[in-house]
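Visitor: Just dropping this structure here.
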Amino acid sequence: MDFSLNDEQKMMIDTVRRFIAEELKPLEDEIEDQGFLAKEKAQVVHEKAKALGLYGMNMPAELGGGGLSNLDRILCEEQFGHTTDILIRRAFGNVYEPLLHCKGEQVERWLKPAIEGARTCAITITESGAGSDAAGIKTHAKKTTIDGKDGWVLNGSKHFISDGEWSDFFLVSARTDNAAGEKEISMFMVDKGLPGFTVGKDQKMMGIRGTPHLELFFDNVPLEAVTLLGAEGQGFKLAMGALNVVRLAQVGARAVGKASHVCELMVDYANERKQFGQKIGDFQMIQQMLADSVIEINAARWMVYHAAWMLDQGMDAREQIAMVKVQAAETLGRVVDRAVQIFGGMGFCKELPIERYYRDARIYRIFDGTSEIHRSVIAKMVMKKGAALFDVNR
């Protein structure tokens, strides 16, 4: 097993780090204070990232994306964790993998513009009655005829839709009926501005300021037949596949990156801050917090890398990704909590970013499947598969 980074990976990481330091970091305090990223500044960041080839790096090179392997993408996503959510979205994009199921006309209308950054989409699964239970969605689409052509009519609502303000189309999961009259879930590409499509309020959050989380309402929204992504009844599979990638990259890897960033600040402060005539880093209880943080960050990182490697080998990594989601999210929570303690009163003060990181970290244990849900999945699978989930070569 070779855990070293090659020259191309090192160069890639350095490029992303430099872009974050020079272009994104200077905007973080402004976003925190104002609660939003001005559109003109968002566009500047967007264009600069595209010019450097940093946009849509998870998409195939033949379609204009970065063509990164899963592991290389994870290396970048870890660096993304060093900055603010909304800046990640504007600079590097959220081009969701289900779009790769586009065919024919769909490629030019939705897929290629998304990869190019000309169009932006958000994925919509969550509803007021369907959070961790993604299969419990009520939004539905019914076959109909529109101007003499086959199509669909969409009704329902979604909420907590991240980046809904910037996005101009949405991947909407909705219930459909198959030929036997059975309820299935399908996925549709729904353009903003269609009749009956209403964007609701921004649901303000405790953390990740600047990223809007909108309500969406669908009241007899007419959809062309071409808006169906993949096959009828394939929507749940597409949604879960997207969530698996999100859990590994946008939760697991970014949580490791954010925890690493916070830990570095902790170490610097422990070396600088003096009490009772000595550095606080010389006190044993501070040393324990630092040591535990370093141990847990490294453990979470190798879990993330291993799951990404499994995907690159064509292996099923669903259980490993569930473990990553829990471990990385909870590691981040513990690290930022220790950071507040080490920084003391200044860690609770808005003058420093520690309290922001503390607020931002809390959602990691909730979105894209709560820790409790993932623990339940892991437990069920270990009862089924046994030692194969925790022993070598079983």
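Every chain in the structure tokens takes a letter, A first, then B, and so on in the order presented; its residues are numbered from 1, and the ligands are numbered from 1 following the presented order.
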I need the strand (DSSP E or B) residues of range 238-360 of chain A per DSSP on the backbone, written as a PyMOL selection string.

Guide: chain A and resi 274-275+278-279

Visitor: Could you write out the selected residues, including N, CA and C atoms, as an mmCIF file, in the first residue's frame?

Guide:
```cif
data_model
loop_
_atom_site.group_PDB
_atom_site.id
_atom_site.type_symbol
_atom_site.label_atom_id
_atom_site.label_comp_id
_atom_site.auth_asym_id
_atom_site.auth_seq_id
_atom_site.Cartn_x
_atom_site.Cartn_y
_atom_site.Cartn_z
ATOM 1 N N LYS A 274 0.178 32.585 26.846
ATOM 2 C CA LYS A 274 0.874 32.258 28.096
ATOM 3 C C LYS A 274 -0.021 32.526 29.304
ATOM 4 N N GLN A 275 0.048 31.638 30.248
ATOM 5 C CA GLN A 275 -0.629 31.779 31.530
ATOM 6 C C GLN A 275 0.301 31.221 32.610
ATOM 7 N N GLN A 278 3.968 30.495 31.510
ATOM 8 C CA GLN A 278 4.367 29.492 30.522
ATOM 9 C C GLN A 278 3.301 29.340 29.438
ATOM 10 N N LYS A 279 3.708 28.758 28.314
ATOM 11 C CA LYS A 279 2.756 28.517 27.226
ATOM 12 C C LYS A 279 1.666 27.561 27.707
#
```

Visitor: Under the rule of at most 7 Å, produce a per-residue listing of range 222-341 of chain A near range 152-171 of chain A: chain, number, name, the closest pair of atoms, and the distance in Å, as JSON lines, using only C-alpha atoms.

Guide:
```
{"residue": "A:Pro222", "atom": "CA", "partner": "A:Val153", "partner_atom": "CA", "distance": 4.7}
{"residue": "A:Leu223", "atom": "CA", "partner": "A:Trp152", "partner_atom": "CA", "distance": 4.9}
{"residue": "A:Glu224", "atom": "CA", "partner": "A:Trp152", "partner_atom": "CA", "distance": 6.4}
{"residue": "A:Ala225", "atom": "CA", "partner": "A:Trp152", "partner_atom": "CA", "distance": 6.6}
```

Visitor: Take the selection from the previous step and output its residues with C-alpha atoms, as an mmCIF file, in the first residue's frame.

Guide:
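File produced: result_20.cif:
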```cif
data_model
loop_
_atom_site.group_PDB
_atom_site.id
_atom_site.type_symbol
_atom_site.label_atom_id
_atom_site.label_comp_id
_atom_site.auth_asym_id
_atom_site.auth_seq_id
_atom_site.Cartn_x
_atom_site.Cartn_y
_atom_site.Cartn_z
ATOM 1 C CA PRO A 222 -45.763 21.490 -16.495
ATOM 2 C CA LEU A 223 -42.725 19.405 -17.422
ATOM 3 C CA GLU A 224 -41.656 18.222 -20.849
ATOM 4 C CA ALA A 225 -41.026 14.504 -21.263
#
```

Visitor: Which neighbours of Ala308 in chain A fall inside 10 Å, counting only C-alpha atoms, when residues of the same chain fewer than 3 positions from it are skipped, and could you give them as an NGL selection string?

Guide: :A and (69-75 or 245 or 248-249 or 253 or 302-305 or 311-313 or 315 or 317 or 320-321)

Visitor: Just give me the gap between CA of Cys263 in chain A and CA of Ala322 in chain A in Å, one decimal is fine.

Guide: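 Going from CA of Cys263 in chain A over to CA of Ala322 in chain A covers 24.2 Å.
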
Visitor: Could you tell me how far CA of Ile13 in chain A lies from CA of Cys76 in chain A, in Å and to one decimal?

Guide: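 Distance reported for this atom pair: 6.2 Å.
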
Visitor: Applying 12 Å and only C-alpha atoms, which residues near Glu355 in chain A remain after dropping the ones on its own chain fewer than 5 positions away? List them as a list in words.

Guide: Glu32, Met206, Gly207, Ile208, Val262, Val336, Asp337, Arg338, Ala339, Val340, Gln341, Phe343, Gly344, Gly345, Met346, Gly347, Phe348, Cys349, Lys350, Asp360, Ala361 and Arg362 of chain A

Visitor: Keeping N, CA and C atoms for every residue in the selection just given, could you write it to a file as a compact mmCIF listing (two decimals), in the first residue's frame?

Guide:
```
# COMPACT_ATOMS: atom_id res chain seq x y z
N GLU A 32 -19.69 36.45 6.65
CA GLU A 32 -20.16 36.19 8.01
C GLU A 32 -20.91 37.41 8.56
N MET A 206 -28.21 28.41 11.79
CA MET A 206 -27.30 28.76 12.87
C MET A 206 -25.89 28.99 12.34
N GLY A 207 -25.51 28.19 11.36
CA GLY A 207 -24.16 28.29 10.80
C GLY A 207 -24.20 28.35 9.29
N ILE A 208 -23.05 28.07 8.66
CA ILE A 208 -22.85 28.15 7.21
C ILE A 208 -23.58 29.35 6.62
N VAL A 262 -8.78 24.02 11.87
CA VAL A 262 -9.02 24.43 13.26
C VAL A 262 -7.89 23.95 14.16
N VAL A 336 -13.56 21.15 17.09
CA VAL A 336 -13.93 22.56 17.25
C VAL A 336 -14.37 22.86 18.68
N ASP A 337 -14.95 21.88 19.35
CA ASP A 337 -15.31 22.07 20.76
C ASP A 337 -14.04 22.27 21.61
N ARG A 338 -13.02 21.47 21.34
CA ARG A 338 -11.75 21.64 22.06
C ARG A 338 -11.12 22.99 21.72
N ALA A 339 -11.29 23.42 20.46
CA ALA A 339 -10.72 24.71 20.07
C ALA A 339 -11.34 25.84 20.88
N VAL A 340 -12.64 25.81 21.05
CA VAL A 340 -13.30 26.84 21.88
C VAL A 340 -12.72 26.82 23.28
N GLN A 341 -12.50 25.63 23.82
CA GLN A 341 -11.98 25.50 25.18
C GLN A 341 -10.54 26.04 25.27
N PHE A 343 -9.07 28.23 23.27
CA PHE A 343 -9.07 29.68 23.07
C PHE A 343 -9.77 30.43 24.20
N GLY A 344 -10.52 29.70 25.03
CA GLY A 344 -11.17 30.32 26.17
C GLY A 344 -12.20 31.36 25.75
N GLY A 345 -12.20 32.49 26.41
CA GLY A 345 -13.16 33.54 26.10
C GLY A 345 -13.07 34.02 24.67
N MET A 346 -11.87 34.05 24.11
CA MET A 346 -11.71 34.48 22.72
C MET A 346 -12.31 33.47 21.74
N GLY A 347 -12.40 32.22 22.17
CA GLY A 347 -13.02 31.21 21.32
C GLY A 347 -14.52 31.37 21.23
N PHE A 348 -15.09 32.10 22.20
CA PHE A 348 -16.53 32.34 22.24
C PHE A 348 -16.88 33.71 21.67
N CYS A 349 -15.86 34.43 21.25
CA CYS A 349 -15.98 35.82 20.80
C CYS A 349 -15.98 35.88 19.28
N LYS A 350 -16.82 36.72 18.70
CA LYS A 350 -16.90 36.83 17.25
C LYS A 350 -15.69 37.50 16.62
N ASP A 360 -20.65 26.25 12.46
CA ASP A 360 -20.68 25.57 11.16
C ASP A 360 -20.57 24.05 11.30
N ALA A 361 -19.81 23.61 12.28
CA ALA A 361 -19.55 22.17 12.43
C ALA A 361 -20.77 21.38 12.85
N ARG A 362 -21.71 22.03 13.53
CA ARG A 362 -22.82 21.28 14.13
C ARG A 362 -23.70 20.58 13.10
```

Visitor: Please measure the separation of CA of Ser293 in chain A and CA of Glu351 in chain A, giving the value in Å to one decimal.

Guide: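 Between CA of Ser293 in chain A and CA of Glu351 in chain A the gap works out to 23.5 Å.
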
Visitor: Where does range 204-306 of chain A meet range 184-192 of chain A within 7 Å, residue by residue, with the nearest atom pair and distance in Å to one decimal for each, counting only C-alpha atoms, listed by chain and rising number, as a Markdown table?

Guide:
```
| residue | atom | partner | partner_atom | distance |
| --- | --- | --- | --- | --- |
| A:Thr227 | CA | A:Met189 | CA | 5.0 |
| A:Leu228 | CA | A:Phe188 | CA | 4.6 |
| A:Leu229 | CA | A:Phe188 | CA | 5.4 |
| A:Glu232 | CA | A:Ser186 | CA | 5.3 |
| A:Gly233 | CA | A:Ser186 | CA | 4.8 |
| A:Gln234 | CA | A:Ser186 | CA | 5.5 |
| A:Gly235 | CA | A:Ser186 | CA | 3.7 |
| A:Phe236 | CA | A:Ile185 | CA | 5.6 |
```

Visitor: Name the residues in contact with Cys102 in chain A at a cut-off of 8 Å, using only C-alpha atoms, excluding same-chain residues fewer than 6 positions from it; report them as an MDAnalysis selection string.

Guide: chainID A and resid 110:111 229:230

Visitor: Store the residues of this selection in a file with N, CA and C atoms, as a short mmCIF file (atom, residue, chain, number, x, y, z; two decimals), in the first residue's frame.

Guide:
```cif
data_model
loop_
_atom_site.label_atom_id
_atom_site.label_comp_id
_atom_site.auth_asym_id
_atom_site.auth_seq_id
_atom_site.Cartn_x
_atom_site.Cartn_y
_atom_site.Cartn_z
N TRP A 110 -28.76 20.65 -20.22
CA TRP A 110 -28.48 20.67 -18.79
C TRP A 110 -27.06 20.22 -18.41
N LEU A 111 -26.60 19.11 -18.98
CA LEU A 111 -25.31 18.55 -18.53
C LEU A 111 -24.13 19.45 -18.87
N LEU A 229 -34.96 12.44 -15.86
CA LEU A 229 -33.54 12.06 -15.85
C LEU A 229 -33.43 10.57 -15.58
N GLY A 230 -32.78 9.85 -16.49
CA GLY A 230 -32.71 8.41 -16.34
C GLY A 230 -34.07 7.80 -16.67
#
```

Visitor: With a distance cut-off of 10 Å and only C-alpha atoms, select the neighbouring residues of Ile115 in chain A, excluding the residue or stretch itself and same-chain residues fewer than 5 positions from it, and output the selection as a short mmCIF file (atom, residue, chain, number, x, y, z; two decimals) with C-alpha atoms, in the first residue's frame.

Guide:
```cif
data_model
loop_
_atom_site.label_atom_id
_atom_site.label_comp_id
_atom_site.auth_asym_id
_atom_site.auth_seq_id
_atom_site.Cartn_x
_atom_site.Cartn_y
_atom_site.Cartn_z
CA TYR A 55 -14.65 24.14 -11.64
CA GLY A 56 -16.47 20.81 -11.98
CA MET A 57 -13.39 18.77 -11.26
CA ASN A 58 -15.49 15.69 -10.50
CA MET A 59 -16.89 15.58 -14.03
CA PRO A 60 -15.34 13.60 -16.94
CA ALA A 61 -12.63 15.39 -18.93
CA LEU A 63 -17.29 16.62 -21.19
CA GLY A 64 -15.17 19.57 -20.07
CA GLY A 65 -14.71 18.61 -16.42
CA GLY A 66 -11.55 17.96 -14.45
CA GLY A 93 -19.24 24.15 -8.26
CA ASN A 94 -21.77 21.52 -7.28
CA VAL A 95 -22.17 19.47 -10.44
CA TYR A 96 -24.10 16.44 -9.29
CA LEU A 99 -26.53 14.58 -14.48
CA TRP A 110 -28.48 20.67 -18.79
CA THR A 120 -26.04 25.79 -11.85
#
```

Visitor: Quick one: pick out all helix (DSSP H, G or I) residues within range 47-122 of chain A from a backbone DSSP run and write them as a ChimeraX atom specification.

Guide: /A:47-51,61-63,70-80,85-92,97-101,105-116

Visitor: For Gln287 in chain A, find every residue with an atom within 12 Å (counting only C-alpha atoms), except residues of its own chain fewer than 4 positions away, and show them as a list in words.

Guide: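 Residues meeting the cut-off are Met266, Val267, Ala270, Asn271, Lys279, Ile280, Gly281, Asp282, Phe283, Ala291, Asp292, Ser293, Val294, Arg338 and Ile342 of chain A.
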
Visitor: Limited to C-alpha atoms, could you put the picked residues into a file as a compact mmCIF listing (two decimals), in the first residue's frame?

Guide:
```txt
# COMPACT_ATOMS: atom_id res chain seq x y z
CA MET A 266 -5.24 25.52 18.15
CA VAL A 267 -1.58 24.55 17.96
CA ALA A 270 -1.23 26.96 22.43
CA ASN A 271 2.31 28.00 21.48
CA LYS A 279 2.76 28.52 27.23
CA ILE A 280 -0.65 26.91 27.70
CA GLY A 281 0.59 24.17 25.38
CA ASP A 282 2.88 23.06 28.21
CA PHE A 283 -0.11 22.18 30.38
CA ALA A 291 -3.10 14.96 20.90
CA ASP A 292 -6.66 13.61 20.73
CA SER A 293 -7.47 16.01 17.91
CA VAL A 294 -4.44 14.97 15.85
CA ARG A 338 -11.75 21.64 22.06
CA ILE A 342 -8.33 26.16 24.32
```

Visitor: Given only C-alpha atoms as the basis, pick out the residue of A:Lys142, A:Arg119, A:Lys50, A:Pro113 nearest to Asp177 in chain A.

Guide: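 Counting only C-alpha atoms, the residue closest to Asp177 in chain A is A:Lys142.
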
Visitor: Tell me which of A:Val382, A:Leu290, A:Ala387, A:Ala38 sits closest to Asp268 in chain A, counting only C-alpha atoms.

Guide: A:Leu290

Visitor: With only C-alpha atoms as the atoms that count, which of A:Thr198, A:Thr15, A:Ser371, A:Thr124 lies nearest to Arg247 in chain A?

Guide: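 Going through A:Thr198, A:Thr15, A:Ser371, A:Thr124 one by one, the smallest distance to Arg247 in chain A is for A:Ser371.
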